[in-house]
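Colleague: Below is the file upload_6.txt, with compact mmCIF, C-alpha atoms.
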# COMPACT_ATOMS: atom_id res chain seq x y z
CA MET A 279 -13.74 37.96 -83.07
CA ARG A 280 -13.83 34.36 -82.42
CA LYS A 281 -15.83 33.41 -79.37
CA PHE A 282 -15.11 30.43 -77.26
CA LEU A 283 -17.70 28.02 -76.09
CA ILE A 284 -17.24 26.86 -72.50
CA SER A 285 -19.25 24.00 -71.15
CA LEU A 286 -18.96 23.50 -67.42
CA ALA A 287 -21.13 20.79 -65.96
CA ILE A 288 -18.31 19.03 -64.09
CA ALA A 289 -19.22 18.34 -60.51
CA GLY A 290 -17.08 15.29 -59.64
CA VAL A 291 -13.98 13.38 -60.70
CA ALA A 292 -13.64 9.64 -61.45
CA MET A 293 -14.34 7.70 -58.27
CA PHE A 294 -15.29 9.29 -54.96
CA SER A 295 -14.29 7.71 -51.66
CA TYR A 296 -16.17 8.46 -48.51
CA ALA A 297 -14.23 8.54 -45.25
CA GLN A 298 -15.63 8.87 -41.78
CA GLU A 299 -13.52 9.62 -38.75
CA VAL A 300 -14.38 7.42 -35.75
CA VAL A 301 -13.40 8.65 -32.32
CA VAL A 302 -13.36 6.05 -29.56
CA GLU A 303 -13.27 7.42 -26.03
CA GLU A 304 -10.89 5.90 -23.53
CA ILE A 305 -12.67 3.17 -21.60
CA ALA A 306 -12.13 2.67 -17.85
CA VAL A 307 -11.00 -0.93 -17.42
CA PRO A 308 -13.36 -2.76 -15.02
CA VAL A 309 -11.64 -4.47 -12.09
CA LYS A 310 -12.65 -7.02 -9.48
CA LYS A 311 -13.29 -5.53 -6.06
CA TYR A 312 -11.72 -8.36 -4.05
CA CYS A 313 -8.99 -9.55 -6.47
CA VAL A 314 -5.52 -8.16 -7.14
CA GLU A 315 -2.60 -9.18 -9.31
CA THR A 316 0.24 -11.06 -7.60
CA ASN A 317 3.27 -8.87 -6.89
CA ARG A 318 6.91 -9.91 -7.04
CA PHE A 319 8.76 -11.17 -3.98
CA GLY A 320 10.47 -7.82 -3.41
CA ALA A 321 7.19 -5.91 -3.14
CA ASN A 322 5.00 -5.02 -0.13
CA TRP A 323 7.58 -5.34 2.65
CA PHE A 324 7.40 -3.04 5.67
CA ILE A 325 9.20 -2.03 8.86
CA SER A 326 7.60 -0.42 11.90
CA VAL A 327 8.74 1.07 15.21
CA ASN A 328 6.43 1.75 18.17
CA GLY A 329 6.72 3.15 21.68
CA GLY A 330 4.24 2.91 24.53
CA VAL A 331 3.51 1.15 27.83
CA ASN A 332 2.78 -2.37 29.04
CA ALA A 333 0.90 -3.63 32.08
CA TYR A 334 1.91 -7.06 33.44
CA TYR A 335 -0.82 -8.94 35.29
CA GLY A 336 0.31 -12.26 36.65
CA VAL A 337 -1.13 -14.96 38.87
CA VAL A 338 0.54 -13.38 41.91
CA THR A 339 -0.67 -9.85 41.11
CA LYS A 340 -4.40 -10.50 41.07
CA GLY A 341 -6.20 -8.10 43.35
CA GLU A 342 -3.61 -5.37 42.93
CA SER A 343 -4.26 -2.28 40.79
CA LEU A 344 -3.22 -2.84 37.19
CA PHE A 345 -1.72 0.67 37.06
CA LYS A 346 0.93 -0.36 39.62
CA HIS A 347 2.39 -2.69 36.96
CA VAL A 348 2.74 -0.22 34.09
CA THR A 349 6.25 0.16 32.57
CA PRO A 350 7.64 1.58 29.29
CA ASN A 351 7.51 -0.56 26.16
CA LEU A 352 9.28 -0.53 22.78
CA SER A 353 8.68 -2.66 19.68
CA ALA A 354 10.19 -3.08 16.21
CA ASN A 355 8.80 -5.26 13.41
CA PHE A 356 9.72 -6.38 9.93
CA GLY A 357 7.22 -8.12 7.66
CA LYS A 358 5.48 -8.59 4.32
CA TRP A 359 1.97 -8.51 2.88
CA HIS A 360 1.39 -11.42 0.50
CA THR A 361 -2.08 -10.12 -0.42
CA PRO A 362 -3.94 -6.95 0.63
CA GLY A 363 -5.70 -9.06 3.26
CA PHE A 364 -2.96 -11.38 4.60
CA GLY A 365 0.59 -10.84 5.78
CA TRP A 366 3.10 -11.67 8.49
CA ARG A 367 5.72 -9.98 10.59
CA ALA A 368 8.56 -10.90 12.90
CA GLY A 369 9.71 -8.57 15.62
CA TYR A 370 10.81 -7.58 19.09
CA THR A 371 8.69 -6.22 21.92
CA GLY A 372 9.86 -5.39 25.41
CA LEU A 373 12.06 -3.13 27.55
CA SER A 374 10.83 -3.67 31.13
CA MET A 375 8.15 -5.31 33.28
CA ARG A 376 6.84 -5.31 36.87
CA SER A 377 5.06 -8.52 37.85
CA PHE A 378 3.96 -7.69 41.40
CA GLU A 379 4.07 -4.81 43.85
CA GLY A 380 7.20 -3.90 45.76
CA ILE A 381 9.83 -5.83 43.81
CA GLY A 382 10.96 -3.23 41.25
CA THR A 383 11.30 -3.84 37.52
CA ALA A 384 13.00 -6.45 35.36
CA SER A 385 14.16 -6.28 31.75
CA LEU A 386 11.85 -7.92 29.22
CA SER A 387 12.49 -9.18 25.68
CA ILE A 388 9.88 -10.90 23.51
CA PHE A 389 10.69 -12.23 20.04
CA HIS A 390 7.57 -13.13 18.11
CA PHE A 391 6.07 -14.10 14.75
CA ASP A 392 2.56 -12.83 13.87
CA ALA A 393 -0.05 -13.72 11.25
CA MET A 394 -1.88 -10.53 10.23
CA PHE A 395 -5.30 -10.03 8.63
CA ASN A 396 -6.29 -6.68 7.12
CA LEU A 397 -9.97 -6.81 8.02
CA THR A 398 -10.77 -3.57 6.15
CA ASN A 399 -9.45 -4.88 2.82
CA LEU A 400 -11.02 -8.31 3.36
CA CYS A 401 -14.47 -6.87 4.03
CA CYS A 402 -14.52 -3.71 1.91
CA GLY A 403 -12.17 -4.54 -0.97
CA TYR A 404 -8.69 -3.18 -1.61
CA ARG A 405 -8.25 0.55 -2.07
CA GLU A 406 -4.79 2.10 -2.07
CA ASP A 407 -5.88 5.58 -0.94
CA ARG A 408 -7.87 4.32 2.07
CA VAL A 409 -6.84 6.27 5.18
CA TYR A 410 -7.72 3.76 7.92
CA ASN A 411 -7.11 0.01 8.12
CA ALA A 412 -8.02 -2.33 10.98
CA ILE A 413 -5.59 -5.26 11.20
CA PRO A 414 -6.18 -7.96 13.84
CA TYR A 415 -3.41 -10.54 14.33
CA VAL A 416 -2.33 -13.57 16.35
CA GLY A 417 1.19 -14.81 17.03
CA VAL A 418 3.61 -16.95 19.01
CA GLY A 419 7.05 -16.26 20.39
CA TRP A 420 9.56 -16.56 23.16
CA ALA A 421 9.90 -14.19 26.10
CA GLY A 422 12.98 -13.64 28.25
CA ARG A 423 13.00 -11.89 31.68
CA GLY A 424 16.00 -10.49 33.52
CA PRO A 425 16.36 -10.44 37.35
CA TYR A 426 14.33 -8.06 39.52
CA ASP A 427 16.03 -5.52 41.72
CA TYR A 428 15.75 -7.82 44.72
CA GLU A 429 17.13 -10.89 42.99
CA THR A 430 20.83 -11.78 43.27
CA TRP A 431 21.02 -14.28 40.40
CA THR A 432 21.83 -13.18 36.89
CA GLY A 433 20.11 -15.89 34.86
CA LEU A 434 17.14 -15.32 32.54
CA SER A 435 13.66 -16.67 33.02
CA GLY A 436 12.08 -17.74 29.71
CA SER A 437 8.61 -18.58 28.51
CA VAL A 438 6.89 -19.59 25.31
CA THR A 439 4.24 -16.95 24.69
CA ALA A 440 1.09 -16.55 22.65
CA LYS A 441 -0.22 -13.17 21.64
CA TYR A 442 -3.14 -11.39 19.99
CA GLY A 443 -3.78 -7.80 19.06
CA LEU A 444 -5.25 -5.11 16.86
CA LEU A 445 -3.10 -2.85 14.70
CA ASN A 446 -4.77 0.38 13.54
CA THR A 447 -2.96 2.18 10.71
CA PHE A 448 -3.61 5.70 9.39
CA ARG A 449 -2.18 6.47 5.94
CA ILE A 450 -0.29 9.79 5.74
CA ALA A 451 1.65 9.20 2.48
CA LYS A 452 2.20 6.54 -0.17
CA ARG A 453 4.82 4.75 1.96
CA TRP A 454 4.16 6.09 5.47
CA ALA A 455 1.47 5.31 8.05
CA ILE A 456 0.91 6.06 11.73
CA ASN A 457 0.30 3.03 14.00
CA LEU A 458 -1.95 2.70 17.02
CA GLU A 459 -1.50 -0.82 18.41
CA LEU A 460 -3.21 -2.74 21.21
CA GLU A 461 -2.06 -6.29 22.06
CA GLY A 462 -2.12 -8.95 24.73
CA TYR A 463 0.27 -11.78 25.77
CA PHE A 464 -0.02 -15.09 27.62
CA PHE A 465 2.95 -16.39 29.70
CA ARG A 466 3.46 -19.35 31.99
CA SER A 467 2.83 -18.45 35.63
CA ASN A 468 6.44 -18.98 36.79
CA PHE A 469 7.58 -16.29 34.36
CA SER A 470 6.44 -13.65 36.87
CA GLY A 471 9.31 -14.56 39.23
CA ARG A 472 7.35 -16.67 41.73
CA VAL A 473 7.43 -20.43 41.39
CA GLY A 474 4.61 -22.74 42.30
CA MET A 475 1.90 -20.55 40.88
CA VAL A 476 -0.98 -22.16 38.96
CA GLY A 477 -2.38 -20.63 35.80
CA HIS A 478 -0.91 -18.24 33.25
CA ASP A 479 0.19 -14.61 33.37
CA ASN A 480 -1.04 -11.85 31.10
CA MET A 481 0.40 -8.63 29.75
CA TRP A 482 -1.26 -5.88 27.72
CA THR A 483 0.45 -3.16 25.71
CA ALA A 484 -0.63 0.08 24.06
CA SER A 485 1.73 1.86 21.70
CA VAL A 486 1.99 4.34 18.82
CA GLY A 487 4.55 4.57 16.04
CA VAL A 488 5.17 4.62 12.31
CA THR A 489 5.35 2.12 9.45
CA TYR A 490 7.46 2.51 6.31
CA ARG A 491 6.63 0.41 3.23
CA LEU A 492 9.48 -1.06 1.18
CA GLY A 493 9.56 -2.03 -2.51
CA LYS A 494 6.36 -1.65 -4.53
CA PRO A 495 3.89 -0.48 -1.88
CA ASP A 496 0.58 -0.96 -3.70
CA TRP A 497 -1.34 -3.61 -5.67
CA ASN A 498 -2.78 -3.68 -9.18
CA GLN A 499 -6.39 -4.78 -9.08
CA ALA A 500 -7.22 -7.77 -11.30
CA VAL A 501 -9.11 -7.03 -14.51
CA ASP A 502 -12.72 -8.20 -14.64
CA VAL A 503 -12.38 -10.02 -17.98
CA PRO A 504 -16.10 -10.81 -18.56
CA ALA A 505 -17.05 -7.20 -17.85
CA LEU A 506 -14.26 -5.94 -20.13
CA GLN A 507 -15.42 -8.28 -22.90
CA ALA A 508 -18.97 -6.94 -22.52
CA VAL A 509 -17.76 -3.32 -22.75
CA TYR A 510 -15.66 -3.85 -25.84
CA GLY A 511 -18.29 -6.11 -27.37
CA GLY A 512 -20.67 -3.14 -27.30
CA ILE A 513 -18.01 -0.88 -28.81
CA ILE A 514 -17.29 -3.35 -31.60
CA ALA A 515 -21.00 -3.67 -32.38
CA GLY A 516 -21.24 0.13 -32.58
CA LEU A 517 -18.22 0.31 -34.90
CA GLU A 518 -19.69 -2.38 -37.15
CA ASN A 519 -22.90 -0.36 -37.37
CA ASP A 520 -20.90 2.78 -38.22
CA LEU A 521 -19.04 0.82 -40.90
CA ASN A 522 -22.30 -0.37 -42.44
CA ASN A 523 -23.60 3.21 -42.48
CA ALA A 524 -20.36 4.42 -44.09
CA ASN A 525 -20.59 1.74 -46.77
CA SER A 526 -24.20 2.75 -47.46
CA GLN A 527 -23.23 6.41 -47.79
CA ASN A 528 -20.28 5.51 -49.98
CA GLN A 529 -22.58 3.59 -52.31
CA LYS A 530 -24.93 6.57 -52.41
CA ALA A 531 -22.02 8.86 -53.30
CA GLN A 532 -20.93 6.53 -56.10
CA ASN A 533 -24.47 6.59 -57.50
CA GLU A 534 -24.40 10.38 -57.46
CA ILE A 535 -21.05 10.35 -59.27
CA ALA A 536 -22.47 8.06 -61.96
CA ASN A 537 -25.37 10.47 -62.38
CA LEU A 538 -22.97 13.39 -62.67
CA LYS A 539 -20.99 11.51 -65.31
CA ASP A 540 -24.17 11.15 -67.34
CA GLN A 541 -24.79 14.88 -66.97
CA LEU A 542 -21.21 15.54 -68.07
CA ASN A 543 -21.64 13.39 -71.17
CA ASN A 544 -24.84 15.23 -72.05
CA ALA A 545 -23.09 18.57 -71.51
CA ASN A 546 -20.23 17.50 -73.76
CA LYS A 547 -22.71 16.63 -76.49
CA LYS A 548 -24.28 20.08 -76.19
CA CYS A 549 -20.82 21.61 -76.32
CA ALA A 550 -20.09 19.75 -79.53
CA GLU A 551 -23.34 21.02 -81.04
CA LEU A 552 -22.62 24.64 -80.05
CA GLU A 553 -18.89 24.63 -80.72
CA ASN A 554 -19.05 26.55 -84.00
CA GLN A 555 -21.61 29.11 -82.89
CA PRO A 556 -20.05 32.59 -82.55
CA ARG A 557 -21.54 33.45 -79.20
CA PHE A 558 -20.76 32.99 -75.51
CA VAL A 559 -22.90 30.32 -73.86
CA ASP A 560 -23.98 31.32 -70.37
CA VAL A 561 -23.06 28.14 -68.49
CA LYS A 562 -22.25 28.27 -64.80
CA GLN A 563 -18.92 26.83 -63.66
CA SER A 564 -18.24 25.33 -60.26
CA SER A 565 -14.77 25.31 -58.72
CA PHE A 566 -14.27 23.03 -55.72
CA PHE A 567 -12.24 23.50 -52.53
CA PRO A 568 -10.84 21.21 -49.82
CA PHE A 569 -12.45 21.10 -46.37
CA GLY A 570 -11.96 24.35 -44.41
CA SER A 571 -9.81 25.95 -47.16
CA ALA A 572 -10.11 28.81 -49.66
CA LYS A 573 -7.38 27.33 -51.85
CA LEU A 574 -8.48 25.56 -55.03
CA ASP A 575 -8.61 21.78 -54.90
CA SER A 576 -6.36 21.07 -57.89
CA LYS A 577 -4.42 22.54 -60.83
CA LYS A 578 -7.25 21.45 -63.09
CA GLU A 579 -9.58 23.91 -61.35
CA GLU A 580 -7.15 26.77 -62.05
CA LEU A 581 -6.94 25.81 -65.74
CA ASN A 582 -10.76 25.74 -66.00
CA ILE A 583 -11.02 29.22 -64.44
CA LYS A 584 -8.33 30.56 -66.77
CA ALA A 585 -10.18 29.18 -69.81
CA TYR A 586 -13.45 30.67 -68.57
CA ALA A 587 -11.78 34.08 -68.03
CA GLU A 588 -10.28 34.08 -71.51
CA ALA A 589 -13.63 33.17 -73.12
CA ALA A 590 -15.48 35.81 -71.11
CA LYS A 591 -12.91 38.42 -72.03
CA ALA A 592 -13.16 37.50 -75.73
CA ALA A 593 -16.98 37.66 -75.57
CA GLY A 594 -16.94 40.92 -73.64
CA VAL A 595 -19.20 39.65 -70.84
CA LYS A 596 -19.08 40.56 -67.16
CA LEU A 597 -18.94 37.89 -64.49
CA ARG A 598 -20.36 37.24 -61.06
CA VAL A 599 -18.79 34.85 -58.48
CA ILE A 600 -20.78 33.20 -55.65
CA GLY A 601 -19.00 31.23 -52.87
CA PHE A 602 -20.43 28.42 -50.73
CA ALA A 603 -19.41 26.25 -47.71
CA ASP A 604 -20.83 22.99 -46.40
CA VAL A 605 -22.81 22.81 -43.16
CA THR A 606 -19.84 21.67 -41.06
CA GLY A 607 -18.80 24.22 -38.42
CA ALA A 608 -20.30 27.47 -37.13
CA GLU A 609 -22.55 29.53 -39.41
CA GLU A 610 -20.45 32.69 -38.97
CA TYR A 611 -17.27 30.83 -39.91
CA ASN A 612 -18.94 29.28 -42.99
CA GLN A 613 -20.16 32.72 -44.16
CA LYS A 614 -16.61 34.08 -43.98
CA LEU A 615 -15.14 31.00 -45.68
CA SER A 616 -17.65 31.15 -48.57
CA LEU A 617 -16.71 34.79 -49.26
CA GLN A 618 -13.00 33.91 -49.18
CA ARG A 619 -13.59 31.18 -51.77
CA ALA A 620 -15.51 33.57 -54.03
CA GLU A 621 -12.75 36.18 -53.74
CA ALA A 622 -10.04 33.59 -54.56
CA VAL A 623 -11.83 32.66 -57.81
CA ALA A 624 -12.57 36.32 -58.66
CA GLU A 625 -8.90 37.22 -58.20
CA MET A 626 -7.85 34.48 -60.63
CA LEU A 627 -10.47 35.59 -63.20
CA ARG A 628 -9.24 39.18 -63.04
CA ALA A 629 -5.63 38.00 -63.35
CA ASN A 630 -6.60 36.38 -66.66
CA GLY A 631 -8.36 39.44 -68.07
CA ALA A 632 -12.02 38.83 -67.11
CA GLU A 633 -14.19 41.60 -65.66
CA VAL A 634 -15.77 40.61 -62.34
CA VAL A 635 -18.48 42.97 -61.13
CA SER A 636 -19.90 41.01 -58.18
CA VAL A 637 -18.35 38.76 -55.50
CA VAL A 638 -20.80 37.18 -53.03
CA GLY A 639 -20.42 34.75 -50.10
CA GLN A 640 -23.62 32.71 -49.71
CA GLY A 641 -22.49 30.88 -46.54
CA GLU A 642 -23.70 27.33 -45.91
CA SER A 643 -25.12 25.08 -48.62
CA SER A 644 -26.68 21.64 -48.37
CA GLU A 645 -27.75 21.34 -51.99
CA TYR A 646 -25.88 18.07 -52.40
CA SER A 647 -25.88 15.28 -49.83
CA THR A 648 -22.14 14.78 -50.41
CA LYS A 649 -20.51 17.62 -48.49
CA TYR A 650 -17.56 17.88 -50.89
CA LEU A 651 -19.88 19.12 -53.68
CA ASN A 652 -21.08 21.99 -51.49
CA ARG A 653 -17.53 23.36 -50.96
CA ARG A 654 -17.47 25.45 -54.17
CA ALA A 655 -17.56 28.79 -55.89
CA ILE A 656 -19.84 29.32 -58.93
CA ILE A 657 -18.91 31.60 -61.86
CA GLU A 658 -21.81 32.98 -63.94
CA VAL A 659 -22.52 35.80 -66.33
CA ALA A 660 -23.68 38.94 -64.50
CA LYS A 661 -27.18 39.92 -65.60
Could you render the structure from this file as structure tokens?
Modeller:
Amino acid sequence: MRKFLISLAIAGVAMFSYAQEVVVEEIAVPVKKYCVETNRFGANWFISVNGGVNAYYGVVTKGESLFKHVTPNLSANFGKWHTPGFGWRAGYTGLSMRSFEGIGTASLSIFHFDAMFNLTNLCCGYREDRVYNAIPYVGVGWAGRGPYDYETWTGLSGSVTAKYGLLNTFRIAKRWAINLELEGYFFRSNFSGRVGMVGHDNMWTASVGVTYRLGKPDWNQAVDVPALQAVYGGIIAGLENDLNNANSQNQKAQNEIANLKDQLNNANKKCAELENQPRFVDVKQSSFFPFGSAKLDSKKEELNIKAYAEAAKAAGVKLRVIGFADVTGAEEYNQKLSLQRAEAVAEMLRANGAEVVSVVGQGESSEYSTKYLNRRAIIEVAK
């Protein structure tokens, strides 16, 4: 019976490319604490409605209790924030007033324009989810007074007015806030209803209400470009270092492949010398597998196993199959995978007539520095 000589010293193919997966975590973009991006004209508008009380304290009311001049007060405002720290509003404040004791009440209407300063954002930096904001403001306007109960004329008494105040807002939703507002007004003395007075009149109000924000209600904070450049500069430097390491490992792998080619050439020479000898040469064969798989890497591997099985059958020898895995993953998983690889090769040997008496899974192997070469199953003659 003719016996086939099988020489199996193949451990690599042609060129070997080394690939390394690089995972870059998402980087939080650094922003400037006191800078935001400019919004469009239609953004950051608001309307507000308040109700409360006012106390008028004029030149002719000095000495009287302030509480004798308290009347209801309503206000409505419409405005816009141009930055988180500066905005304006135009609005109406009024309803009624009582300038001095014993004369009843008069209607009151004040139309005003205010410059507003969000002190919290200016001092602490913008933050959209901040609950409380303190907003002082100053303004000017025009006030109109109707007749008192005792007056018979129907004309209005008017006055240019200056105002100041503090608006406290409490965020309850993205577009809604509760207002608590304290403000003061200056009027000319004759506005109280008594002529010939010297000095100016005052009025103070306290009210609560709600604000609704129109359009885009928030701001995008400006990117801190130098800080961002520093962050990504460090990432790029790290990637360049990884690339250099990958190139070094790739060169090492190519050197190993060249060495394996030399071994293959030597094995082929030995095969040529032993080709005509009528005996089975006990040479181990390695069959290689893809990462995480028990399926053979290529059709060539299947042909090699088939040839080995036919030669072993012709020589009447029994075979042993040993499976391996690389060191990637858990040890228990690698043990199971190595056995699956050995069984896959053993099944193919048996299908081609060889007698397999032992199938072993050796688990992890780090014999070769290139992980691909450790993902294999070895066929050898059973002793």
Colleague: I need every residue sitting at most 10 Å from the point (-23.9, 35.2, -41.2) (coordinates as in the file, all atoms listed in the file considered), written as an MDAnalysis selection string.
Modeller: chainID A and resid 608:614 639:642
Colleague: Determine the nearest neighbour of Leu400 in chain A from the options A:Gly369, A:Pro414, A:Gly607, A:Gly357, counting only C-alpha atoms.
Modeller: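 The answer is A:Pro414, which sits nearest to Leu400 in chain A.
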Colleague: Can you work out which one of A:Tyr334, A:Phe364, A:Phe356, A:Tyr404 has the shortest atom-to-atom distance to Phe465 in chain A, counting all atoms listed in the file?
Modeller: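 Using all atoms listed in the file, the shortest distance to Phe465 in chain A belongs to A:Tyr334.
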Colleague: Report, in Å with one decimal, the straight-line distance from CA of Glu633 in chain A to CA of Ile600 in chain A.
Modeller: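 Separation of CA of Glu633 in chain A and CA of Ile600 in chain A: 14.6 Å.
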Colleague: Contacts of Asn317 in chain A at 12 Å or less, counting all atoms listed in the file, minus same-chain residues fewer than 6 places along, as number ranges by chain?
Modeller: A: 323, 358-362, 493-500
Colleague: Could you work out how far CA of Phe448 in chain A lies from CA of Thr398 in chain A, giving the answer in Å with one decimal?
Modeller: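 That distance, rounded to one decimal, is 12.2 Å.
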Colleague: List as a PyMOL selection string the residues having at least one atom at most 9 Å from position (-23.7, 44.2, -58.2) as given in the file, counting all atoms listed in the file.
Modeller: chain A and resi 598+635-637+660
Colleague: Next, write the just-selected residues to a file, as a CSV table (one decimal), in the frame of the given file, keeping C-alpha atoms as the atom set.
Modeller:
chain,number,residue,atom,x,y,z
A,598,ARG,CA,-20.4,37.2,-61.1
A,635,VAL,CA,-18.5,43.0,-61.1
A,636,SER,CA,-19.9,41.0,-58.2
A,637,VAL,CA,-18.4,38.8,-55.5
A,660,ALA,CA,-23.7,38.9,-64.5
Colleague: What is the distance between CA of Glu315 in chain A and CA of Tyr442 in chain A, in Å to one decimal?
Modeller: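 Computing it gives 29.4 Å between the two atoms.
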Colleague: Of the candidates A:Leu352, A:Cys401, A:Asp407, A:Ala508, which shows the shortest atom-to-atom distance to Leu386 in chain A, using only C-alpha atoms?
Modeller: A:Leu352
Colleague: I'd like the neighbourhood of Lys584 in chain A as a ChimeraX atom specification, where a residue qualifies if any of its atoms comes within 10 Å (using all atoms listed in the file), though same-chain residues fewer than 6 positions away should be ignored.
Modeller: /A:578,590,623,626-632
Colleague: For a quick check of understanding, using only C-alpha atoms, which of A:Ser385, A:Ser377, A:Thr483, A:Gln532 has the smallest distance to Glu342 in chain A?
Modeller: A:Ser377
Colleague: Neighbouring residues of Ser643 in chain A were defined as those with any atom within 10 Å, considering all atoms listed in the file; residues of the same chain fewer than 5 positions away were excluded. Please report them as number ranges by chain.
Modeller: A: 601-606, 612, 616, 649, 651-654
Colleague: Ranking A:Ile657, A:Ser526, A:Arg619, A:Gly424 by minimum distance to Tyr586 in chain A and counting only C-alpha atoms, which one comes first?
Modeller: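 Once distances to Tyr586 in chain A are computed over only C-alpha atoms, the minimum belongs to A:Ile657.
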Colleague: So which residues touch Gly436 in chain A within 7 Å, counting all atoms listed in the file, skipping near sequence neighbours fewer than 3 positions away, as a ChimeraX atom specification?
Modeller: /A:421-423,469
Colleague: Given the choices A:Asn546, A:Ser644, A:Gln618, A:Thr339, which gets closest to Arg472 in chain A if the distance is worked out from only C-alpha atoms?
Modeller: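 Between A:Asn546, A:Ser644, A:Gln618, A:Thr339, the residue approaching Arg472 in chain A most closely is A:Thr339.
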Colleague: Once you add 5 Å to each side, what are the centre and edge lengths of the axis-aligned box holding all listed atoms of range 489-503 of chain A? One decimal in Å, as AutoDock Vina command-line options, if you can.
Modeller:
--center_x -1.6 --center_y -3.8 --center_z -4.3 --size_x 32.3 --size_y 22.5 --size_z 37.4
Colleague: Taking 6 positions as the minimum chain separation for residues in the same chain, which residues sit within 9 Å of Thr648 in chain A when counting only C-alpha atoms? Answer as a PyMOL selection string.
Modeller: chain A and resi 296+527+530-531+534
Colleague: Could you save the residues just selected, with C-alpha atoms, as a PDB file, in the frame of the given file?
Modeller:
ATOM      1  CA  TYR A 296     -16.170   8.460 -48.510  1.00  0.00           C
ATOM      2  CA  GLN A 527     -23.230   6.410 -47.790  1.00  0.00           C
ATOM      3  CA  LYS A 530     -24.930   6.570 -52.410  1.00  0.00           C
ATOM      4  CA  ALA A 531     -22.020   8.860 -53.300  1.00  0.00           C
ATOM      5  CA  GLU A 534     -24.400  10.380 -57.460  1.00  0.00           C
TER       6      GLU A 534
END
Colleague: Could you rebuild range 372-386 of chain A with N, CA and C atoms and give it back as a PDB file, in the frame of the given file?
Modeller:
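So the final result, stored in result-v4.pdb, reads:
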ATOM      1  N   GLY A 372       9.349  -5.277  24.042  1.00  0.00           N
ATOM      2  CA  GLY A 372       9.860  -5.390  25.410  1.00  0.00           C
ATOM      3  C   GLY A 372      10.381  -4.090  25.959  1.00  0.00           C
ATOM      4  N   LEU A 373      11.340  -4.183  26.863  1.00  0.00           N
ATOM      5  CA  LEU A 373      12.060  -3.130  27.550  1.00  0.00           C
ATOM      6  C   LEU A 373      12.062  -3.412  29.050  1.00  0.00           C
ATOM      7  N   SER A 374      10.868  -3.426  29.678  1.00  0.00           N
ATOM      8  CA  SER A 374      10.830  -3.670  31.130  1.00  0.00           C
ATOM      9  C   SER A 374       9.466  -4.224  31.521  1.00  0.00           C
ATOM     10  N   MET A 375       9.401  -4.787  32.749  1.00  0.00           N
ATOM     11  CA  MET A 375       8.150  -5.310  33.280  1.00  0.00           C
ATOM     12  C   MET A 375       8.177  -5.251  34.808  1.00  0.00           C
ATOM     13  N   ARG A 376       6.980  -5.234  35.409  1.00  0.00           N
ATOM     14  CA  ARG A 376       6.840  -5.310  36.870  1.00  0.00           C
ATOM     15  C   ARG A 376       5.711  -6.287  37.155  1.00  0.00           C
ATOM     16  N   SER A 377       6.051  -7.454  37.706  1.00  0.00           N
ATOM     17  CA  SER A 377       5.060  -8.520  37.850  1.00  0.00           C
ATOM     18  C   SER A 377       4.225  -8.430  39.112  1.00  0.00           C
ATOM     19  N   PHE A 378       4.791  -7.889  40.220  1.00  0.00           N
ATOM     20  CA  PHE A 378       3.960  -7.690  41.400  1.00  0.00           C
ATOM     21  C   PHE A 378       4.558  -6.579  42.247  1.00  0.00           C
ATOM     22  N   GLU A 379       3.757  -6.045  43.134  1.00  0.00           N
ATOM     23  CA  GLU A 379       4.070  -4.810  43.850  1.00  0.00           C
ATOM     24  C   GLU A 379       5.274  -4.980  44.770  1.00  0.00           C
ATOM     25  N   GLY A 380       6.133  -3.960  44.767  1.00  0.00           N
ATOM     26  CA  GLY A 380       7.200  -3.900  45.760  1.00  0.00           C
ATOM     27  C   GLY A 380       8.485  -4.585  45.371  1.00  0.00           C
ATOM     28  N   ILE A 381       8.606  -5.099  44.140  1.00  0.00           N
ATOM     29  CA  ILE A 381       9.830  -5.830  43.810  1.00  0.00           C
ATOM     30  C   ILE A 381      10.666  -5.102  42.761  1.00  0.00           C
ATOM     31  N   GLY A 382      10.217  -3.935  42.266  1.00  0.00           N
ATOM     32  CA  GLY A 382      10.960  -3.230  41.250  1.00  0.00           C
ATOM     33  C   GLY A 382      10.674  -3.779  39.858  1.00  0.00           C
ATOM     34  N   THR A 383      11.516  -3.429  38.906  1.00  0.00           N
ATOM     35  CA  THR A 383      11.300  -3.840  37.520  1.00  0.00           C
ATOM     36  C   THR A 383      12.373  -4.805  37.066  1.00  0.00           C
ATOM     37  N   ALA A 384      12.058  -5.524  35.994  1.00  0.00           N
ATOM     38  CA  ALA A 384      13.000  -6.450  35.360  1.00  0.00           C
ATOM     39  C   ALA A 384      13.005  -6.158  33.863  1.00  0.00           C
ATOM     40  N   SER A 385      14.112  -6.450  33.210  1.00  0.00           N
ATOM     41  CA  SER A 385      14.160  -6.280  31.750  1.00  0.00           C
ATOM     42  C   SER A 385      13.286  -7.344  31.087  1.00  0.00           C
ATOM     43  N   LEU A 386      12.743  -7.009  29.915  1.00  0.00           N
ATOM     44  CA  LEU A 386      11.850  -7.920  29.220  1.00  0.00           C
ATOM     45  C   LEU A 386      12.157  -7.894  27.718  1.00  0.00           C
TER      46      LEU A 386
END
